[in-house]
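Okay, start.csv now, which holds CSV, C-alpha atoms and all ligand atoms:
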chain,number,residue,atom,x,y,z
A,1,MET,CA,0.0,0.0,0.0
A,2,ALA,CA,1.3,3.4,-0.9
A,3,ILE,CA,1.8,6.0,1.9
A,4,LYS,CA,-1.0,8.2,0.6
A,5,ASP,CA,-3.5,5.3,0.8
A,6,ASP,CA,-2.8,5.1,4.6
A,7,SER,CA,-4.0,8.6,5.1
A,8,THR,CA,-7.6,7.6,4.5
A,9,VAL,CA,-7.7,5.2,7.4
A,10,SER,CA,-7.2,6.4,11.0
A,11,ARG,CA,-4.7,5.3,13.5
A,12,HIS,CA,-3.2,6.5,16.8
A,13,VAL,CA,0.6,6.8,17.0
A,14,THR,CA,2.5,7.3,20.2
A,15,ILE,CA,5.8,9.2,20.1
A,16,GLY,CA,8.4,8.8,22.8
A,17,THR,CA,11.0,11.4,23.8
A,18,ARG,CA,13.3,12.6,26.5
A,19,LYS,CA,12.0,15.4,28.7
A,20,SER,CA,14.7,18.0,27.9
A,21,GLN,CA,13.6,21.3,26.4
A,22,LEU,CA,15.5,20.6,23.1
A,23,ALA,CA,14.0,17.0,22.9
A,24,LEU,CA,10.5,18.4,23.4
A,25,VAL,CA,10.9,21.1,20.7
A,26,GLN,CA,12.2,18.4,18.3
A,27,THR,CA,9.4,16.0,19.1
A,28,ASP,CA,6.7,18.7,18.6
A,29,TYR,CA,8.3,19.4,15.2
A,30,VAL,CA,8.1,15.7,14.3
A,31,LYS,CA,4.5,15.5,15.4
A,32,GLU,CA,3.7,18.6,13.3
A,33,CYS,CA,5.3,17.0,10.2
A,34,LEU,CA,3.4,13.7,10.7
A,35,THR,CA,0.1,15.5,11.3
A,36,LYS,CA,0.4,17.4,8.0
A,37,THR,CA,1.1,14.2,6.0
A,38,PHE,CA,-1.4,12.0,7.9
A,39,PRO,CA,-4.3,14.3,8.8
A,40,ASN,CA,-6.6,11.4,9.7
A,41,PHE,CA,-4.1,10.1,12.3
A,42,THR,CA,-3.8,11.1,15.9
A,43,PHE,CA,-0.5,11.5,17.6
A,44,SER,CA,0.4,11.7,21.2
A,45,ILE,CA,3.8,12.3,23.0
A,46,VAL,CA,5.1,10.3,25.9
A,47,LYS,CA,7.9,12.1,27.8
A,48,MET,CA,10.4,10.0,29.7
A,49,ALA,CA,13.4,10.7,31.9
A,50,THR,CA,16.3,8.5,30.9
A,51,THR,CA,19.1,7.3,33.2
A,52,GLY,CA,21.3,10.0,31.7
A,53,ASP,CA,18.8,12.6,32.6
A,54,LYS,CA,18.3,11.4,36.2
A,55,ILE,CA,22.0,11.3,37.0
A,56,LEU,CA,23.0,14.6,35.4
A,57,ASP,CA,24.3,16.0,38.6
A,58,VAL,CA,26.4,13.0,39.8
A,59,ALA,CA,29.8,11.9,38.6
A,60,LEU,CA,28.8,10.4,35.3
A,61,ASN,CA,32.3,9.3,34.6
A,62,LYS,CA,31.9,6.6,37.3
A,63,ILE,CA,29.1,5.0,35.3
A,64,GLY,CA,30.4,3.2,32.3
A,65,GLU,CA,27.0,2.2,30.8
A,66,LYS,CA,26.3,2.8,27.2
A,67,SER,CA,23.1,4.2,25.8
A,68,LEU,CA,22.3,6.2,28.9
A,69,PHE,CA,20.0,8.5,27.0
A,70,THR,CA,18.3,6.0,24.8
A,71,LYS,CA,17.8,2.8,26.8
A,72,GLU,CA,14.5,3.6,28.6
A,73,LEU,CA,13.0,4.8,25.4
A,74,GLU,CA,14.0,1.6,23.6
A,75,ILE,CA,12.4,-0.4,26.4
A,76,ALA,CA,9.2,1.6,25.8
A,77,LEU,CA,9.5,0.7,22.1
A,78,VAL,CA,9.9,-3.0,22.9
A,79,ASP,CA,6.9,-3.1,25.3
A,80,LYS,CA,4.9,-1.1,22.7
A,81,SER,CA,4.1,1.8,25.0
A,82,VAL,CA,5.5,3.9,22.2
A,83,ASP,CA,5.6,3.4,18.4
A,84,LEU,CA,8.5,5.6,17.6
A,85,VAL,CA,11.2,7.6,19.4
A,86,VAL,CA,12.8,11.0,18.4
A,87,HIS,CA,16.5,11.4,19.0
A,88,SER,CA,19.2,13.8,18.2
A,89,LEU,CA,21.0,11.5,15.8
A,90,LYS,CA,24.4,12.2,17.4
A,91,ASP,CA,23.1,10.8,20.7
A,92,LEU,CA,22.0,7.6,19.2
A,93,PRO,CA,24.7,4.8,19.3
A,94,THR,CA,25.8,3.7,15.8
A,95,THR,CA,24.8,0.1,16.6
A,96,LEU,CA,21.1,-0.2,17.6
A,97,PRO,CA,19.9,-3.0,19.9
A,98,GLU,CA,18.5,-6.1,18.3
A,99,GLY,CA,15.0,-5.5,16.9
A,100,MET,CA,15.4,-1.7,16.5
A,101,ALA,CA,15.6,0.2,13.2
A,102,LEU,CA,16.5,3.7,12.2
A,103,GLY,CA,13.2,4.5,10.5
A,104,ALA,CA,14.1,8.0,9.2
A,105,VAL,CA,16.9,10.6,9.3
A,106,MET,CA,15.3,14.1,8.9
A,107,GLU,CA,16.7,17.1,7.1
A,108,ARG,CA,19.7,18.4,8.8
A,109,GLU,CA,20.1,21.8,10.4
A,110,ASP,CA,23.6,23.4,10.2
A,111,PRO,CA,25.8,20.7,11.7
A,112,ARG,CA,28.7,22.9,12.7
A,113,ASP,CA,29.9,24.0,16.2
A,114,ALA,CA,29.5,27.6,17.4
A,115,LEU,CA,31.4,29.8,19.7
A,116,VAL,CA,29.1,31.5,22.2
A,117,LEU,CA,30.8,34.4,24.0
A,118,SER,CA,29.9,35.5,27.5
A,119,THR,CA,28.2,38.9,27.6
A,120,LYS,CA,31.2,39.8,29.8
A,121,ASN,CA,33.5,39.8,26.8
A,122,PRO,CA,31.7,40.6,23.6
A,123,GLY,CA,33.3,41.0,20.2
A,124,LEU,CA,36.0,38.4,20.3
A,125,THR,CA,36.5,35.3,18.2
A,126,ILE,CA,38.1,31.9,18.9
A,127,GLU,CA,41.3,33.4,17.4
A,128,THR,CA,41.3,36.6,19.5
A,129,LEU,CA,40.3,35.2,22.9
A,130,PRO,CA,43.2,36.0,25.3
A,131,ALA,CA,45.5,33.2,26.5
A,132,GLY,CA,44.1,31.5,29.6
A,133,SER,CA,40.4,32.1,28.7
A,134,VAL,CA,38.2,29.3,29.9
A,135,ILE,CA,36.0,27.6,27.4
A,136,GLY,CA,33.1,25.6,28.8
A,137,THR,CA,32.5,22.3,27.1
A,138,SER,CA,32.3,18.7,28.1
A,139,SER,CA,33.0,17.3,24.7
A,140,VAL,CA,36.4,15.7,24.2
A,141,ARG,CA,36.0,16.1,20.5
A,142,ARG,CA,35.7,19.9,20.9
A,143,ILE,CA,38.4,20.2,23.6
A,144,SER,CA,41.0,18.1,21.7
A,145,GLN,CA,40.5,20.0,18.4
A,146,LEU,CA,40.7,23.4,20.0
A,147,ARG,CA,43.7,22.4,22.1
A,148,ARG,CA,45.5,21.6,18.8
A,149,LYS,CA,44.9,25.1,17.3
A,150,PHE,CA,44.8,27.2,20.5
A,151,PRO,CA,47.1,25.6,23.1
A,152,ASP,CA,46.8,28.6,25.4
A,153,LEU,CA,43.1,28.2,26.0
A,154,LYS,CA,41.7,26.4,29.1
A,155,PHE,CA,38.8,24.1,29.2
A,156,ALA,CA,36.2,23.4,32.0
A,157,ASP,CA,33.3,21.1,32.1
A,158,VAL,CA,29.8,22.6,31.9
A,159,ARG,CA,26.6,20.7,32.3
A,160,GLY,CA,22.9,21.2,32.4
A,161,ASN,CA,20.4,22.3,29.8
A,162,LEU,CA,21.1,25.2,27.5
A,163,ASN,CA,19.6,27.9,29.7
A,164,THR,CA,21.5,26.7,32.7
A,165,ARG,CA,24.7,26.7,30.6
A,166,LEU,CA,24.1,30.2,29.3
A,167,ALA,CA,23.4,31.5,32.8
A,168,LYS,CA,26.7,30.0,34.0
A,169,LEU,CA,28.5,31.6,31.0
A,170,ASP,CA,27.1,35.1,31.6
A,171,SER,CA,27.4,35.0,35.4
A,172,GLU,CA,29.9,37.7,36.7
A,173,GLU,CA,31.5,35.1,39.1
A,174,GLY,CA,31.6,32.4,36.5
A,175,PRO,CA,34.9,31.2,35.1
A,176,TYR,CA,33.8,30.9,31.5
A,177,SER,CA,34.7,33.3,28.6
A,178,ALA,CA,32.8,31.3,26.1
A,179,LEU,CA,31.0,28.0,25.4
A,180,ILE,CA,31.1,25.7,22.4
A,181,LEU,CA,27.7,24.5,21.4
A,182,ALA,CA,26.0,23.0,18.3
A,183,VAL,CA,24.5,25.6,16.0
A,184,ALA,CA,21.6,23.3,15.5
A,185,GLY,CA,20.5,23.2,19.1
A,186,LEU,CA,20.8,27.0,19.5
A,187,LYS,CA,18.7,27.5,16.4
A,188,ARG,CA,16.0,25.0,17.4
A,189,LEU,CA,15.6,26.7,20.7
A,190,GLY,CA,15.3,30.1,19.2
A,191,MET,CA,18.7,31.3,20.5
A,192,ALA,CA,20.6,31.7,17.2
A,193,GLU,CA,21.4,35.3,18.3
A,194,ARG,CA,23.8,33.9,20.9
A,195,ILE,CA,26.1,32.5,18.2
A,196,SER,CA,29.2,34.7,18.2
A,197,GLN,CA,31.1,32.7,15.5
A,198,ILE,CA,30.5,29.5,13.6
A,199,LEU,CA,33.7,27.5,13.9
A,200,PRO,CA,35.4,26.7,10.5
A,201,ASN,CA,36.2,23.1,9.6
A,202,ASP,CA,39.9,23.6,10.1
A,203,VAL,CA,39.2,24.5,13.8
A,204,SER,CA,36.4,22.0,14.6
A,205,LEU,CA,34.9,19.2,12.6
A,206,HIS,CA,31.4,18.3,14.0
A,207,ALA,CA,30.2,15.1,15.6
A,208,VAL,CA,28.8,12.3,13.6
A,209,GLY,CA,25.1,12.9,12.9
A,210,GLN,CA,25.2,16.4,14.4
A,211,GLY,CA,22.2,18.6,13.5
A,212,ALA,CA,20.0,15.7,12.3
A,213,LEU,CA,17.1,14.0,14.0
A,214,GLY,CA,16.9,10.2,13.9
A,215,ILE,CA,13.6,8.3,14.3
A,216,GLU,CA,13.9,4.9,15.9
A,217,CYS,CA,11.2,2.2,15.5
A,218,ARG,CA,10.7,-1.5,16.0
A,219,GLU,CA,12.2,-3.3,13.1
A,220,ASP,CA,9.1,-5.5,12.6
A,221,ASP,CA,6.5,-2.7,12.8
A,222,LYS,CA,6.1,-2.2,9.1
A,223,ASP,CA,3.1,0.1,9.5
A,224,THR,CA,5.0,2.6,11.6
A,225,LEU,CA,8.1,2.3,9.4
A,226,LYS,CA,6.0,3.2,6.4
A,227,ILE,CA,4.6,6.3,8.2
A,228,VAL,CA,8.0,7.3,9.4
A,229,SER,CA,9.6,7.0,6.0
A,230,SER,CA,7.7,10.1,5.0
A,231,LEU,CA,10.1,12.0,7.4
A,232,ASN,CA,13.3,10.8,5.6
A,233,HIS,CA,15.5,13.3,3.9
A,234,LEU,CA,17.6,11.3,1.5
A,235,PRO,CA,20.7,13.6,1.2
A,236,THR,CA,20.9,13.9,5.0
A,237,ARG,CA,20.4,10.1,5.3
A,238,GLN,CA,23.2,9.5,2.8
A,239,ARG,CA,25.6,11.8,4.6
A,240,CYS,CA,24.8,10.5,8.1
A,241,THR,CA,25.0,6.9,6.9
A,242,ALA,CA,28.6,7.6,5.8
A,243,GLU,CA,29.4,9.4,9.1
A,244,ARG,CA,27.9,6.6,11.2
A,245,ALA,CA,29.6,3.8,9.2
A,246,MET,CA,32.9,5.6,9.8
A,247,MET,CA,32.2,5.9,13.6
A,248,ARG,CA,31.0,2.3,13.8
A,249,ALA,CA,34.1,1.0,12.1
A,250,LEU,CA,36.3,3.0,14.5
A,251,GLU,CA,34.2,1.7,17.4
A,252,GLY,CA,33.8,5.2,18.7
A,253,GLY,CA,31.3,6.0,21.4
A,254,CYS,CA,29.7,9.4,22.1
A,255,SER,CA,32.7,10.7,24.0
A,256,VAL,CA,35.7,10.2,21.6
A,257,PRO,CA,37.7,12.8,19.7
A,258,ILE,CA,36.2,11.9,16.3
A,259,GLY,CA,34.9,14.6,13.9
A,260,VAL,CA,33.5,14.7,10.4
A,261,THR,CA,32.2,16.8,7.6
A,262,THR,CA,30.2,15.6,4.6
A,263,THR,CA,29.0,17.3,1.4
A,264,ILE,CA,26.9,16.3,-1.6
A,265,SER,CA,27.3,17.8,-5.0
A,266,ASP,CA,26.8,16.4,-8.6
A,267,ASN,CA,25.7,13.1,-7.1
A,268,LYS,CA,29.0,12.7,-5.3
A,269,LEU,CA,29.3,12.2,-1.6
A,270,THR,CA,32.4,13.5,0.2
A,271,LEU,CA,33.4,12.5,3.7
A,272,GLU,CA,36.2,14.0,5.7
A,273,GLY,CA,36.9,12.3,9.0
A,274,MET,CA,39.4,13.1,11.7
A,275,VAL,CA,40.7,11.6,15.0
A,276,VAL,CA,42.8,13.8,17.3
A,277,SER,CA,44.7,12.9,20.5
A,278,LEU,CA,43.4,14.3,23.7
A,279,ASP,CA,46.4,16.7,24.0
A,280,GLY,CA,45.8,17.9,20.4
A,281,GLN,CA,49.3,16.8,19.3
A,282,LYS,CA,48.3,14.0,16.9
A,283,TYR,CA,45.8,14.8,14.2
A,284,ILE,CA,44.8,12.2,11.6
A,285,HIS,CA,42.4,13.2,8.9
A,286,HIS,CA,41.4,11.7,5.6
A,287,THR,CA,38.9,12.7,2.8
A,288,GLU,CA,37.3,10.5,0.2
A,289,VAL,CA,34.6,10.8,-2.5
A,290,VAL,CA,32.1,8.3,-4.0
A,291,ASP,CA,29.5,8.3,-6.6
A,292,MET,CA,26.2,8.0,-4.7
A,293,THR,CA,23.9,5.1,-5.2
A,294,GLU,CA,20.2,5.1,-4.6
A,295,ASP,CA,20.5,2.7,-1.8
A,296,LEU,CA,22.9,3.5,1.1
A,297,GLU,CA,25.6,1.0,0.1
A,298,ALA,CA,28.1,3.5,-1.4
A,299,ALA,CA,27.7,5.8,1.6
A,300,GLU,CA,28.2,2.9,4.0
A,301,GLY,CA,31.3,1.9,2.0
A,302,LEU,CA,32.7,5.4,2.1
A,303,GLY,CA,32.4,5.6,5.8
A,304,LYS,CA,34.2,2.2,6.2
A,305,SER,CA,36.9,3.2,3.8
A,306,VAL,CA,37.7,6.5,5.5
A,307,ALA,CA,37.7,4.7,8.9
A,308,ASP,CA,40.3,2.2,7.5
A,309,LYS,CA,42.6,5.0,6.3
A,310,LEU,CA,42.3,6.8,9.6
A,311,SER,CA,43.0,3.6,11.5
A,312,SER,CA,46.1,2.7,9.5
A,313,GLY,CA,47.2,6.4,9.6
A,314,GLY,CA,47.4,6.3,13.4
A,315,ALA,CA,43.8,6.8,14.7
A,316,ASP,CA,43.8,3.2,15.9
A,317,ALA,CA,46.6,3.9,18.4
A,318,ILE,CA,45.0,7.1,19.6
A,319,LEU,CA,41.6,5.4,20.2
A,320,LYS,CA,43.1,2.3,21.8
A,321,LYS,CA,45.1,4.5,24.2
A,322,ILE,CA,42.0,6.5,25.2
A,323,LYS,CA,40.0,3.3,25.8
A,324,ALA,CA,42.7,1.7,27.9
A,325,SER,CA,43.5,4.7,30.0
A,326,SER,CA,41.8,4.6,33.4
A,327,ASP,CA,40.9,8.3,33.4
A,328,ALA,CA,39.4,8.0,30.0
A,329,PRO,CA,36.6,10.5,29.4
A,330,LYS,CA,33.5,8.4,29.7
A,331,LEU,CA,30.9,11.2,30.1
A,332,PRO,CA,27.8,10.3,28.3
A,333,PHE,CA,26.0,13.3,26.7
A,334,GLY,CA,22.6,14.3,25.7
A,335,ASN,CA,20.6,17.5,25.6
A,401,LIG,C1,27.2,14.4,22.1
A,401,LIG,C2,28.1,15.4,22.4
A,401,LIG,C3,27.4,16.5,23.0
A,401,LIG,C4,26.1,16.1,23.0
A,401,LIG,C5,29.6,15.2,22.2
A,401,LIG,C6,30.2,16.0,21.0
A,401,LIG,C7,28.1,17.7,23.5
A,401,LIG,C8,28.3,17.8,24.9
A,401,LIG,C9,29.0,19.1,25.4
A,401,LIG,C10,27.4,13.0,21.5
A,401,LIG,N1,25.9,14.8,22.5
A,401,LIG,O1,29.5,16.7,20.3
A,401,LIG,O2,31.4,15.9,20.8
A,401,LIG,O3,29.5,19.9,24.6
A,401,LIG,O4,28.9,19.3,26.6
A,401,LIG,C11,23.9,17.3,22.3
A,401,LIG,C12,23.6,18.6,21.8
A,401,LIG,C13,22.7,18.4,20.8
A,401,LIG,C14,22.4,17.0,20.7
A,401,LIG,C15,24.2,19.9,22.2
A,401,LIG,C16,25.5,20.4,21.6
A,401,LIG,C17,22.1,19.4,19.8
A,401,LIG,C18,22.6,19.4,18.4
A,401,LIG,C19,22.0,18.2,17.6
A,401,LIG,C20,24.9,16.9,23.4
A,401,LIG,N2,23.1,16.4,21.7
A,401,LIG,O5,26.2,19.6,20.9
A,401,LIG,O6,25.8,21.5,21.8
A,401,LIG,O7,20.8,17.9,17.7
A,401,LIG,O8,22.8,17.6,16.9
If you took the structure in this file and wrote it as structure tokens, what would it be?
Amino acid sequence: MAIKDDSTVSRHVTIGTRKSQLALVQTDYVKECLTKTFPNFTFSIVKMATTGDKILDVALNKIGEKSLFTKELEIALVDKSVDLVVHSLKDLPTTLPEGMALGAVMEREDPRDALVLSTKNPGLTIETLPAGSVIGTSSVRRISQLRRKFPDLKFADVRGNLNTRLAKLDSEEGPYSALILAVAGLKRLGMAERISQILPNDVSLHAVGQGALGIECREDDKDTLKIVSSLNHLPTRQRCTAERAMMRALEGGCSVPIGVTTTISDNKLTLEGMVVSLDGQKYIHHTEVVDMTEDLEAAEGLGKSVADKLSSGGADAILKKIKASSDAPKLPFGN
């Protein structure tokens, strides 16, 4: 049955999400898109706190568990209390649990990282921030790349939702001169005016899947998969398939210094990937191009191939060292 035939029958669809402000904005947007395409359907939203949300204030690095921000939502999918789940794709592990499928990847917002200056020191850029300035970020990917280019900057953890982080940034007593945040999150929350500078690729390559939303469903739920496929944005899916294949092959979790950028033009897909050591001293990067195919095979192959070149070029040693080190950064993220 074609998708448009489904719109004549009625059905109720339950959408699962985390409770954070950004997650709710994203989920409302998904509901709006689905309501437009399937006007006879009804949609409801179930908000859930995940382990990652509940333990935001404790020492997360003591908890090595994976999928902290997705597990409860996946359990709700399995017991059928929800039919689909909306994720920031970059928070969704590259290998999904048995029985789960990535039903759609939606059109990407700007995937790049942004510098957000404190109102205490307006008018600066990442290049002109004075030596010793403190940058608030908990991302080893951001810290390691910036350390490489700007060894005189300092870095401090900053946690909490976006408003909390911005309040900490602007506070007179606070240590931070600036934060690094995803352009996409700031835009979706209506805070694009806080972007002081979009970081160029030679300063920071973004995280795998950054700026895109991923919709997770049960693999055997063909009806929901059909509905959800209406949300898919093929160019974004091609790009994110390559990025995720690279990450999967490198066995990178959400807190590793791995960055990417992808472009599509003239039916060619380009992926640049990089791995950097935590001190910023070793920087391995590689770019490759493929002719796109209608299925996702070429994109998948591109990701694996870039991962191979990175590994043999020294990334393997960097990532092994990080995994083996006892004080490895194990902070799970989510927003
Ligand atoms: C992941 C990371 C961060 C989030 C690590 C990274 C950033 C954590 C931090 C995997 N998830 O990017 O290297 O800097 O403290 C997150 C954000 C968004 C989704 C916020 C952000 C919004 C953008 C999007 C947290 N997850 O990156 O500033 O939807 O892609």
Using all atoms listed in the file, find each residue of chain A with at least one atom at most 9 Å away from an atom of ligand LIG 401 (chain A); report its shortest atom-to-atom pair and that distance in Å (one decimal), sort the rows by chain and rising residue number, and return the result as a tab-separated table.
residue	atom	partner	partner_atom	distance
A:Leu22	CA	A:LIG401	C17	7.5
A:Ala23	CA	A:LIG401	O7	8.6
A:Gln26	CA	A:LIG401	O7	8.6
A:His87	CA	A:LIG401	O7	7.9
A:Ser88	CA	A:LIG401	O7	4.4
A:Leu89	CA	A:LIG401	O8	6.5
A:Lys90	CA	A:LIG401	C10	5.1
A:Asp91	CA	A:LIG401	C10	4.9
A:Leu92	CA	A:LIG401	C10	8.0
A:Pro93	CA	A:LIG401	C10	8.9
A:Arg108	CA	A:LIG401	O8	8.7
A:Glu109	CA	A:LIG401	O8	8.2
A:Asp110	CA	A:LIG401	O8	8.9
A:Pro111	CA	A:LIG401	O8	6.8
A:Arg112	CA	A:LIG401	O8	9.0
A:Asp113	CA	A:LIG401	O6	7.4
A:Ala114	CA	A:LIG401	O6	8.4
A:Gly136	CA	A:LIG401	O4	7.9
A:Thr137	CA	A:LIG401	O3	4.6
A:Ser138	CA	A:LIG401	O4	3.8
A:Ser139	CA	A:LIG401	O3	4.4
A:Val140	CA	A:LIG401	O2	6.0
A:Arg141	CA	A:LIG401	O2	4.6
A:Arg142	CA	A:LIG401	O2	5.9
A:Ile143	CA	A:LIG401	O2	8.7
A:Asp157	CA	A:LIG401	O4	7.3
A:Val158	CA	A:LIG401	O4	6.3
A:Arg159	CA	A:LIG401	O4	6.3
A:Gly160	CA	A:LIG401	O4	8.6
A:Asn161	CA	A:LIG401	C15	8.8
A:Leu162	CA	A:LIG401	C15	8.1
A:Leu179	CA	A:LIG401	O3	8.3
A:Ile180	CA	A:LIG401	O3	6.4
A:Leu181	CA	A:LIG401	O6	3.6
A:Ala182	CA	A:LIG401	O6	3.8
A:Val183	CA	A:LIG401	C18	6.9
A:Ala184	CA	A:LIG401	C18	5.0
A:Gly185	CA	A:LIG401	C17	4.2
A:Leu186	CA	A:LIG401	C17	7.7
A:Arg188	CA	A:LIG401	O7	8.6
A:His206	CA	A:LIG401	O1	6.8
A:Ala207	CA	A:LIG401	O1	5.0
A:Val208	CA	A:LIG401	O1	8.0
A:Gly209	CA	A:LIG401	O8	6.6
A:Gln210	CA	A:LIG401	O8	3.7
A:Gly211	CA	A:LIG401	O8	3.6
A:Ala212	CA	A:LIG401	O8	5.7
A:Leu213	CA	A:LIG401	O7	6.5
A:Gly253	CA	A:LIG401	C10	8.0
A:Cys254	CA	A:LIG401	C10	4.3
A:Ser255	CA	A:LIG401	C5	5.8
A:Val256	CA	A:LIG401	O2	7.2
A:Pro257	CA	A:LIG401	O2	7.1
A:Ile258	CA	A:LIG401	O2	7.7
A:Gly259	CA	A:LIG401	O2	7.8
A:Leu331	CA	A:LIG401	C8	8.8
A:Pro332	CA	A:LIG401	C10	7.3
A:Phe333	CA	A:LIG401	N1	4.5
A:Gly334	CA	A:LIG401	C20	4.2
A:Asn335	CA	A:LIG401	C11	4.7
### Query
Just how far from atom CA of A:Asp202 is atom CA of A:Lys149, in Å to one decimal?
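Atom CA of A:Lys149 sits 8.9 Å away from atom CA of A:Asp202.
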### Point (20.8, 12.9, -4.2) neighbourhood (7 Å, all atoms listed in the file) written as a list in words
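Checking each residue against the 7 Å limit leaves Leu234, Pro235 and Asn267 of chain A.
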Writer output for current selection, C-alpha atoms, as a PDB file, in the coordinates of the input:
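Result went into out.pdb, see below:
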ATOM      1  CA  LEU A 234      17.600  11.300   1.500  1.00  0.00           C
ATOM      2  CA  PRO A 235      20.700  13.600   1.200  1.00  0.00           C
ATOM      3  CA  ASN A 267      25.700  13.100  -7.100  1.00  0.00           C
TER       4      ASN A 267
END
### Query
Between atom CA of A:Val13 and atom CA of A:Leu225, what is the spacing in Å?
11.6 Å
### Query
Hey, which of A:Lys120, A:Lys268, A:Arg18, A:Arg147 ends up closest to A:Ser204? Count only C-alpha atoms.
A:Arg147
### Query
Looking at only C-alpha atoms, which of A:Pro200, A:Gly190, A:Pro97, A:Gly303 is the one that sits closest to A:Glu243?
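For A:Glu243, the nearest of the given residues is A:Gly303.
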### Shortest interatomic distance to A:Arg194 - which of A:Leu117, A:Arg11, A:Leu73, A:Gly16, counting all atoms listed in the file
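Going through A:Leu117, A:Arg11, A:Leu73, A:Gly16 one by one, the smallest distance to A:Arg194 is for A:Leu117.
Using all atoms listed in the file, the protein and nucleic acid residues lying no more than 9 Å from A:Gly132, apart from those fewer than 2 places from it along its own chain, are Leu129, Pro130, Val134, Asp152, Leu153 and Lys154 of chain A.
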Hey, can you spit out that residue selection with C-alpha atoms as an mmCIF file, in the coordinates of the input?
data_model
loop_
_atom_site.group_PDB
_atom_site.id
_atom_site.type_symbol
_atom_site.label_atom_id
_atom_site.label_comp_id
_atom_site.auth_asym_id
_atom_site.auth_seq_id
_atom_site.Cartn_x
_atom_site.Cartn_y
_atom_site.Cartn_z
ATOM 1 C CA LEU A 129 40.300 35.200 22.900
ATOM 2 C CA PRO A 130 43.200 36.000 25.300
ATOM 3 C CA VAL A 134 38.200 29.300 29.900
ATOM 4 C CA ASP A 152 46.800 28.600 25.400
ATOM 5 C CA LEU A 153 43.100 28.200 26.000
ATOM 6 C CA LYS A 154 41.700 26.400 29.100
#
### Query
How far is it from atom CA of A:Leu24 to atom CA of A:Met48, in Å with one decimal?
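If I compute the distance from atom CA of A:Leu24 to atom CA of A:Met48, I get 10.5 Å.
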### Nearby residues (only C-alpha atoms) at most 7 Å from stretch 282-288 of chain A, same-chain spacing under 6 positions excluded, as JSON, numbers by chain
{"A": [270, 271, 272, 273, 274, 275, 276, 306, 309, 310, 313, 314, 315]}
### Query
From the set A:Ile75, A:Ile15, A:Ala249, A:Leu146, which residue has the shortest atom-to-atom contact distance to A:Thr42, counting all atoms listed in the file?
A:Ile15
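Residue nearest A:Arg237 within the list A:Leu250, A:Lys304, A:Glu294, A:Asp223: A:Glu294 [criterion: smallest interatomic distance, only C-alpha atoms].
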Box for stretch 132-149 of chain A: with edges along x, y and z, all listed atoms inside and 4 Å added on each side, what are the centre and edge lengths in Å to one decimal, as AutoDock Vina command-line options?
--center_x 38.9 --center_y 23.9 --center_z 23.6 --size_x 21.2 --size_y 24.4 --size_z 20.6
### Task
Pick out the residues sitting within 7 Å of A:Asp279, and hand them over as an MDAnalysis selection string; count all atoms listed in the file, and ignore anything fewer than 2 positions along from it in its own chain.
chainID A and resid 144 147 277 281
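Distances here use only C-alpha atoms; by that measure, the residue among A:Val25, A:Val30, A:Ala76, A:Asp291 closest to A:Ala49 is A:Ala76.
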Is it possible to add N, CA and C atoms to stretch 32-42 of chain A and hand it back as an mmCIF file, keeping the file's coordinate frame?
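Result file is part-v1.cif:
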data_model
loop_
_atom_site.group_PDB
_atom_site.id
_atom_site.type_symbol
_atom_site.label_atom_id
_atom_site.label_comp_id
_atom_site.auth_asym_id
_atom_site.auth_seq_id
_atom_site.Cartn_x
_atom_site.Cartn_y
_atom_site.Cartn_z
ATOM 1 N N GLU A 32 4.238 17.615 14.279
ATOM 2 C CA GLU A 32 3.700 18.600 13.300
ATOM 3 C C GLU A 32 3.807 18.041 11.876
ATOM 4 N N CYS A 33 5.011 17.559 11.548
ATOM 5 C CA CYS A 33 5.300 17.000 10.200
ATOM 6 C C CYS A 33 4.347 15.842 9.909
ATOM 7 N N LEU A 34 4.219 14.936 10.883
ATOM 8 C CA LEU A 34 3.400 13.700 10.700
ATOM 9 C C LEU A 34 1.926 14.098 10.558
ATOM 10 N N THR A 35 1.492 15.070 11.347
ATOM 11 C CA THR A 35 0.100 15.500 11.300
ATOM 12 C C THR A 35 -0.276 16.051 9.947
ATOM 13 N N LYS A 36 0.674 16.783 9.349
ATOM 14 C CA LYS A 36 0.400 17.400 8.000
ATOM 15 C C LYS A 36 0.282 16.261 6.973
ATOM 16 N N THR A 37 1.151 15.253 7.050
ATOM 17 C CA THR A 37 1.100 14.200 6.000
ATOM 18 C C THR A 37 -0.011 13.201 6.272
ATOM 19 N N PHE A 38 -0.383 13.002 7.536
ATOM 20 C CA PHE A 38 -1.400 12.000 7.900
ATOM 21 C C PHE A 38 -2.538 12.692 8.678
ATOM 22 N N PRO A 39 -3.337 13.536 8.021
ATOM 23 C CA PRO A 39 -4.300 14.300 8.800
ATOM 24 C C PRO A 39 -5.377 13.491 9.486
ATOM 25 N N ASN A 40 -5.568 12.257 9.071
ATOM 26 C CA ASN A 40 -6.600 11.400 9.700
ATOM 27 C C ASN A 40 -6.034 10.673 10.945
ATOM 28 N N PHE A 41 -4.737 10.758 11.149
ATOM 29 C CA PHE A 41 -4.100 10.100 12.300
ATOM 30 C C PHE A 41 -4.127 10.954 13.503
ATOM 31 N N THR A 42 -4.070 10.337 14.669
ATOM 32 C CA THR A 42 -3.800 11.100 15.900
ATOM 33 C C THR A 42 -2.477 10.730 16.451
#
